Amino acid sequence: MKKLINLLVFVLVAGLNGWAQEAAPVIRVACVGNSITYGSGIANRDRDSYPSVLGQMLGRGYEVRNFGFSARTLLMKGDYPYMKEQLFRDALHYNPDIVIIKLGTNDSKWFNWKFKAGFPRDMQAMVDAFKALPSRPKIYLCYPPKVYRLQFCINDSVIEHGVIPAIDRIAKKNGLPVIDLHTALSGMPEHFPDYVHPDPAGAHKIAETVYRAITGCESSHRMQAFPGFKSEWNGCDRYDFRYKGRDAIVVVPKQAAKGNPWIWRPAFFDAFPSVDKALLGKGFHVVYYDVTHCYGNPRAVARVRSFIPI
């Protein structure tokens, strides 16, 4: 009986330890910004926008959310103020542990920058809003990336000589770290197809720079075939991510078969996987998309079809 009780205690403790590990809270990261944060011009922004790549770099201990909104300004008198948008309230409601603020590119437009006197006040208001959150987040202020030509009325000279000094003043006043994306993204015009928005390689550079600021480490990350967290399954690359609110997994064969075939699982990934393993060896992608309890209804079919282009 004593041995049985000891065994039950061991199992209970082990189970509680496992539960505690699974339930460990992740560090929430809010990426606040404009179209560059959003990933405008990037075909697969779920995979290649800078917040998505940053999440891949930081790994499972972090949750990175993209709160980028195209064309938005920090200036409250700008044409499209970020702080008037629901997305700003969503970012606050997220109660992040880390906030990356990357605004100012659209403020450099002449019809916005004429209100430049309000820039420090408005940036302070945004900083104060995040400071007041229960999570007491660490806040990083970013210089806007380099703009390679006067485009969409966006002016790199104004960014360099007006926006950046204003960011410096607020950073110094509040004791906040600054991430110099302007220098980091200089000298790479080939990765800015429209002279303002980075391509996937440029977004990767932004993510690398932010990652270094957060962790103090360099990243060895390489651009991925799919979004999410990369691991291994049966000797092949596996990617775990969320797509439209549901779990998804893609396992990539070492050599894709002609026609790039996929085998789908709507539930129970890795349960009785002998067929999956055999087809993976034949060059099939093994794909899981959680439509459990949808029972093959039209909505489930539509979800799967929307997932295919990923």
# chains A, B, ... in the order shown; residues from 1 in each chain; ligands from 1
call {"tool": "residues_around", "arguments": {"residues": "Arg246 in chain A", "least_positions_apart": "3", "cutoff": "8 Å", "atoms": "only C-alpha atoms", "output": "NGL selection string"}}
result
:A and (242-243 or 289-291)
call {"tool": "write_last_selection", "arguments": {"atoms": "C-alpha atoms", "output": "compact mmCIF listing (two decimals), in the first residue's frame"}}
result
# COMPACT_ATOMS: atom_id res chain seq x y z
CA ARG A 242 -2.02 29.76 -36.08
CA TYR A 243 -4.10 30.44 -39.15
CA TYR A 289 -5.28 22.17 -39.96
CA ASP A 290 -7.54 21.96 -36.95
CA VAL A 291 -11.16 21.82 -38.08
call {"tool": "select_by_dssp", "arguments": {"residues": "range 186-256 of chain A", "states": "alpha helix (DSSP H)", "output": "PDB file with all heavy atoms, in the first residue's frame"}}
result
ATOM      1  N   PRO A 200      10.643  41.169 -48.047  1.00  0.00           N
ATOM      2  CA  PRO A 200      10.868  40.226 -46.944  1.00  0.00           C
ATOM      3  C   PRO A 200      12.271  40.284 -46.347  1.00  0.00           C
ATOM      4  O   PRO A 200      12.432  40.172 -45.128  1.00  0.00           O
ATOM      5  CB  PRO A 200      10.575  38.874 -47.593  1.00  0.00           C
ATOM      6  CG  PRO A 200       9.534  39.179 -48.629  1.00  0.00           C
ATOM      7  CD  PRO A 200       9.943  40.512 -49.189  1.00  0.00           C
ATOM      8  N   ALA A 201      13.282  40.489 -47.188  1.00  0.00           N
ATOM      9  CA  ALA A 201      14.650  40.576 -46.653  1.00  0.00           C
ATOM     10  C   ALA A 201      14.814  41.823 -45.784  1.00  0.00           C
ATOM     11  O   ALA A 201      15.486  41.788 -44.741  1.00  0.00           O
ATOM     12  CB  ALA A 201      15.661  40.582 -47.798  1.00  0.00           C
ATOM     13  N   GLY A 202      14.207  42.932 -46.208  1.00  0.00           N
ATOM     14  CA  GLY A 202      14.261  44.144 -45.405  1.00  0.00           C
ATOM     15  C   GLY A 202      13.512  43.991 -44.095  1.00  0.00           C
ATOM     16  O   GLY A 202      13.969  44.446 -43.034  1.00  0.00           O
ATOM     17  N   ALA A 203      12.346  43.335 -44.144  1.00  0.00           N
ATOM     18  CA  ALA A 203      11.581  43.085 -42.925  1.00  0.00           C
ATOM     19  C   ALA A 203      12.359  42.172 -41.983  1.00  0.00           C
ATOM     20  O   ALA A 203      12.316  42.338 -40.755  1.00  0.00           O
ATOM     21  CB  ALA A 203      10.230  42.453 -43.273  1.00  0.00           C
ATOM     22  N   HIS A 204      13.074  41.206 -42.548  1.00  0.00           N
ATOM     23  CA  HIS A 204      13.914  40.320 -41.740  1.00  0.00           C
ATOM     24  C   HIS A 204      14.990  41.124 -41.017  1.00  0.00           C
ATOM     25  O   HIS A 204      15.307  40.861 -39.850  1.00  0.00           O
ATOM     26  CB  HIS A 204      14.551  39.267 -42.648  1.00  0.00           C
ATOM     27  CG  HIS A 204      15.183  38.123 -41.922  1.00  0.00           C
ATOM     28  ND1 HIS A 204      16.435  38.214 -41.346  1.00  0.00           N
ATOM     29  CD2 HIS A 204      14.742  36.862 -41.662  1.00  0.00           C
ATOM     30  CE1 HIS A 204      16.739  37.054 -40.782  1.00  0.00           C
ATOM     31  NE2 HIS A 204      15.735  36.221 -40.950  1.00  0.00           N
ATOM     32  N   LYS A 205      15.552  42.132 -41.695  1.00  0.00           N
ATOM     33  CA  LYS A 205      16.569  42.984 -41.080  1.00  0.00           C
ATOM     34  C   LYS A 205      15.981  43.783 -39.918  1.00  0.00           C
ATOM     35  O   LYS A 205      16.627  43.955 -38.875  1.00  0.00           O
ATOM     36  CB  LYS A 205      17.161  43.924 -42.128  1.00  0.00           C
ATOM     37  CG  LYS A 205      18.286  44.806 -41.605  1.00  0.00           C
ATOM     38  CD  LYS A 205      19.511  43.978 -41.232  1.00  0.00           C
ATOM     39  CE  LYS A 205      20.676  44.855 -40.861  1.00  0.00           C
ATOM     40  NZ  LYS A 205      21.882  44.057 -40.478  1.00  0.00           N
ATOM     41  N   ILE A 206      14.752  44.284 -40.083  1.00  0.00           N
ATOM     42  CA  ILE A 206      14.084  44.981 -38.980  1.00  0.00           C
ATOM     43  C   ILE A 206      13.921  44.038 -37.796  1.00  0.00           C
ATOM     44  O   ILE A 206      14.223  44.390 -36.650  1.00  0.00           O
ATOM     45  CB  ILE A 206      12.714  45.529 -39.422  1.00  0.00           C
ATOM     46  CG1 ILE A 206      12.882  46.629 -40.481  1.00  0.00           C
ATOM     47  CG2 ILE A 206      11.941  46.079 -38.222  1.00  0.00           C
ATOM     48  CD1 ILE A 206      11.566  47.142 -41.043  1.00  0.00           C
ATOM     49  N   ALA A 207      13.446  42.827 -38.076  1.00  0.00           N
ATOM     50  CA  ALA A 207      13.235  41.851 -37.004  1.00  0.00           C
ATOM     51  C   ALA A 207      14.546  41.526 -36.292  1.00  0.00           C
ATOM     52  O   ALA A 207      14.580  41.421 -35.054  1.00  0.00           O
ATOM     53  CB  ALA A 207      12.597  40.581 -37.566  1.00  0.00           C
ATOM     54  N   GLU A 208      15.618  41.353 -37.037  1.00  0.00           N
ATOM     55  CA  GLU A 208      16.933  41.096 -36.443  1.00  0.00           C
ATOM     56  C   GLU A 208      17.342  42.219 -35.493  1.00  0.00           C
ATOM     57  O   GLU A 208      17.857  41.968 -34.395  1.00  0.00           O
ATOM     58  CB  GLU A 208      17.992  40.985 -37.530  1.00  0.00           C
ATOM     59  CG  GLU A 208      18.079  39.669 -38.233  1.00  0.00           C
ATOM     60  CD  GLU A 208      19.234  39.637 -39.221  1.00  0.00           C
ATOM     61  OE1 GLU A 208      19.711  40.715 -39.628  1.00  0.00           O
ATOM     62  OE2 GLU A 208      19.647  38.528 -39.576  1.00  0.00           O
ATOM     63  N   THR A 209      17.108  43.452 -35.930  1.00  0.00           N
ATOM     64  CA  THR A 209      17.517  44.620 -35.140  1.00  0.00           C
ATOM     65  C   THR A 209      16.697  44.722 -33.863  1.00  0.00           C
ATOM     66  O   THR A 209      17.231  45.016 -32.784  1.00  0.00           O
ATOM     67  CB  THR A 209      17.372  45.898 -35.980  1.00  0.00           C
ATOM     68  OG1 THR A 209      18.044  45.733 -37.243  1.00  0.00           O
ATOM     69  CG2 THR A 209      17.962  47.097 -35.265  1.00  0.00           C
ATOM     70  N   VAL A 210      15.397  44.476 -33.967  1.00  0.00           N
ATOM     71  CA  VAL A 210      14.530  44.507 -32.780  1.00  0.00           C
ATOM     72  C   VAL A 210      14.867  43.344 -31.852  1.00  0.00           C
ATOM     73  O   VAL A 210      14.918  43.505 -30.625  1.00  0.00           O
ATOM     74  CB  VAL A 210      13.049  44.483 -33.203  1.00  0.00           C
ATOM     75  CG1 VAL A 210      12.137  44.385 -31.982  1.00  0.00           C
ATOM     76  CG2 VAL A 210      12.699  45.731 -34.017  1.00  0.00           C
ATOM     77  N   TYR A 211      15.106  42.177 -32.419  1.00  0.00           N
ATOM     78  CA  TYR A 211      15.485  41.005 -31.620  1.00  0.00           C
ATOM     79  C   TYR A 211      16.743  41.293 -30.800  1.00  0.00           C
ATOM     80  O   TYR A 211      16.817  40.968 -29.605  1.00  0.00           O
ATOM     81  CB  TYR A 211      15.712  39.814 -32.548  1.00  0.00           C
ATOM     82  CG  TYR A 211      16.227  38.568 -31.858  1.00  0.00           C
ATOM     83  CD1 TYR A 211      15.346  37.646 -31.302  1.00  0.00           C
ATOM     84  CD2 TYR A 211      17.596  38.315 -31.768  1.00  0.00           C
ATOM     85  CE1 TYR A 211      15.812  36.495 -30.668  1.00  0.00           C
ATOM     86  CE2 TYR A 211      18.072  37.172 -31.135  1.00  0.00           C
ATOM     87  CZ  TYR A 211      17.178  36.265 -30.593  1.00  0.00           C
ATOM     88  OH  TYR A 211      17.646  35.138 -29.968  1.00  0.00           O
ATOM     89  N   ARG A 212      17.730  41.915 -31.427  1.00  0.00           N
ATOM     90  CA  ARG A 212      18.973  42.233 -30.733  1.00  0.00           C
ATOM     91  C   ARG A 212      18.718  43.204 -29.579  1.00  0.00           C
ATOM     92  O   ARG A 212      19.294  43.061 -28.493  1.00  0.00           O
ATOM     93  CB  ARG A 212      19.974  42.850 -31.710  1.00  0.00           C
ATOM     94  CG  ARG A 212      21.367  43.080 -31.118  1.00  0.00           C
ATOM     95  CD  ARG A 212      22.287  43.803 -32.090  1.00  0.00           C
ATOM     96  NE  ARG A 212      22.284  43.191 -33.398  1.00  0.00           N
ATOM     97  CZ  ARG A 212      21.863  43.784 -34.514  1.00  0.00           C
ATOM     98  NH1 ARG A 212      21.379  45.020 -34.474  1.00  0.00           N
ATOM     99  NH2 ARG A 212      21.902  43.154 -35.660  1.00  0.00           N
ATOM    100  N   ALA A 213      17.817  44.168 -29.794  1.00  0.00           N
ATOM    101  CA  ALA A 213      17.503  45.124 -28.743  1.00  0.00           C
ATOM    102  C   ALA A 213      16.811  44.456 -27.556  1.00  0.00           C
ATOM    103  O   ALA A 213      17.090  44.774 -26.396  1.00  0.00           O
ATOM    104  CB  ALA A 213      16.626  46.244 -29.306  1.00  0.00           C
ATOM    105  N   ILE A 214      15.922  43.512 -27.850  1.00  0.00           N
ATOM    106  CA  ILE A 214      15.165  42.844 -26.780  1.00  0.00           C
ATOM    107  C   ILE A 214      16.027  41.858 -26.004  1.00  0.00           C
ATOM    108  O   ILE A 214      15.977  41.802 -24.771  1.00  0.00           O
ATOM    109  CB  ILE A 214      13.937  42.114 -27.369  1.00  0.00           C
ATOM    110  CG1 ILE A 214      12.915  43.130 -27.906  1.00  0.00           C
ATOM    111  CG2 ILE A 214      13.272  41.208 -26.327  1.00  0.00           C
ATOM    112  CD1 ILE A 214      11.743  42.485 -28.615  1.00  0.00           C
ATOM    113  N   THR A 215      16.826  41.067 -26.712  1.00  0.00           N
ATOM    114  CA  THR A 215      17.544  39.956 -26.081  1.00  0.00           C
ATOM    115  C   THR A 215      19.011  40.235 -25.796  1.00  0.00           C
ATOM    116  O   THR A 215      19.621  39.537 -24.975  1.00  0.00           O
ATOM    117  CB  THR A 215      17.470  38.707 -26.974  1.00  0.00           C
ATOM    118  OG1 THR A 215      18.205  38.955 -28.191  1.00  0.00           O
ATOM    119  CG2 THR A 215      16.026  38.358 -27.319  1.00  0.00           C
TER     120      THR A 215
END
call {"tool": "closest_residue", "arguments": {"among": "A:Asn66, A:Asp194, A:Tyr94, A:Ala24", "to": "Arg47 in chain A", "atoms": "only C-alpha atoms"}}
result
A:Asn66
call {"tool": "closest_residue", "arguments": {"among": "A:Arg121, A:Lys173, A:Lys102, A:Arg89", "to": "Leu133 in chain A", "atoms": "only C-alpha atoms"}}
result
A:Arg89
call {"tool": "atom_distance", "arguments": {"atom1": "CA of Thr37 in chain A", "atom2": "CA of Glu63 in chain A"}}
result
15.8 Å
call {"tool": "closest_atom_pairs", "arguments": {"of": "range 9-104 of chain A", "to": "range 226-229 of chain A", "cutoff": "7 Å", "atoms": "only C-alpha atoms", "output": "JSON lines"}}
result
{"residue": "A:Asp46", "atom": "CA", "partner": "A:Pro227", "partner_atom": "CA", "distance": 6.4}
{"residue": "A:Arg47", "atom": "CA", "partner": "A:Pro227", "partner_atom": "CA", "distance": 4.2}
{"residue": "A:Gln56", "atom": "CA", "partner": "A:Phe229", "partner_atom": "CA", "distance": 5.6}
{"residue": "A:Gly59", "atom": "CA", "partner": "A:Phe229", "partner_atom": "CA", "distance": 6.5}
call {"tool": "residues_around", "arguments": {"residues": "range 139-150 of chain A", "least_positions_apart": "5", "cutoff": "9 Å", "atoms": "only C-alpha atoms", "output": "PyMOL selection string"}}
result
chain A and resi 36+97-105+127+130-131+155-157+159-160+163-164+167-168+170-171+176-187+189+192+194-198+206+210+213-214
call {"tool": "select_by_dssp", "arguments": {"residues": "range 84-309 of chain A", "states": "strand (DSSP E)", "output": "count of residues only"}}
result
41
call {"tool": "closest_residue", "arguments": {"among": "A:Gly259, A:His221, A:Met83, A:Ala278", "to": "Met57 in chain A", "atoms": "only C-alpha atoms"}}
result
A:His221
call {"tool": "residues_around", "arguments": {"residues": "Pro253 in chain A", "least_positions_apart": "2", "cutoff": "12 Å", "atoms": "only C-alpha atoms", "output": "PyMOL selection string"}}
result
chain A and resi 225+232-239+250-251+255-258+260-263+276-287
call {"tool": "atom_distance", "arguments": {"atom1": "CA of Ile154 in chain A", "atom2": "CA of Asn106 in chain A"}}
result
6.2 Å
call {"tool": "closest_residue", "arguments": {"among": "A:Cys153, A:Leu87, A:Leu74, A:Ala132", "to": "Tyr38 in chain A", "atoms": "only C-alpha atoms"}}
result
A:Leu87
call {"tool": "atom_distance", "arguments": {"atom1": "CA of Arg136 in chain A", "atom2": "CA of Gly68 in chain A"}}
result
21.1 Å
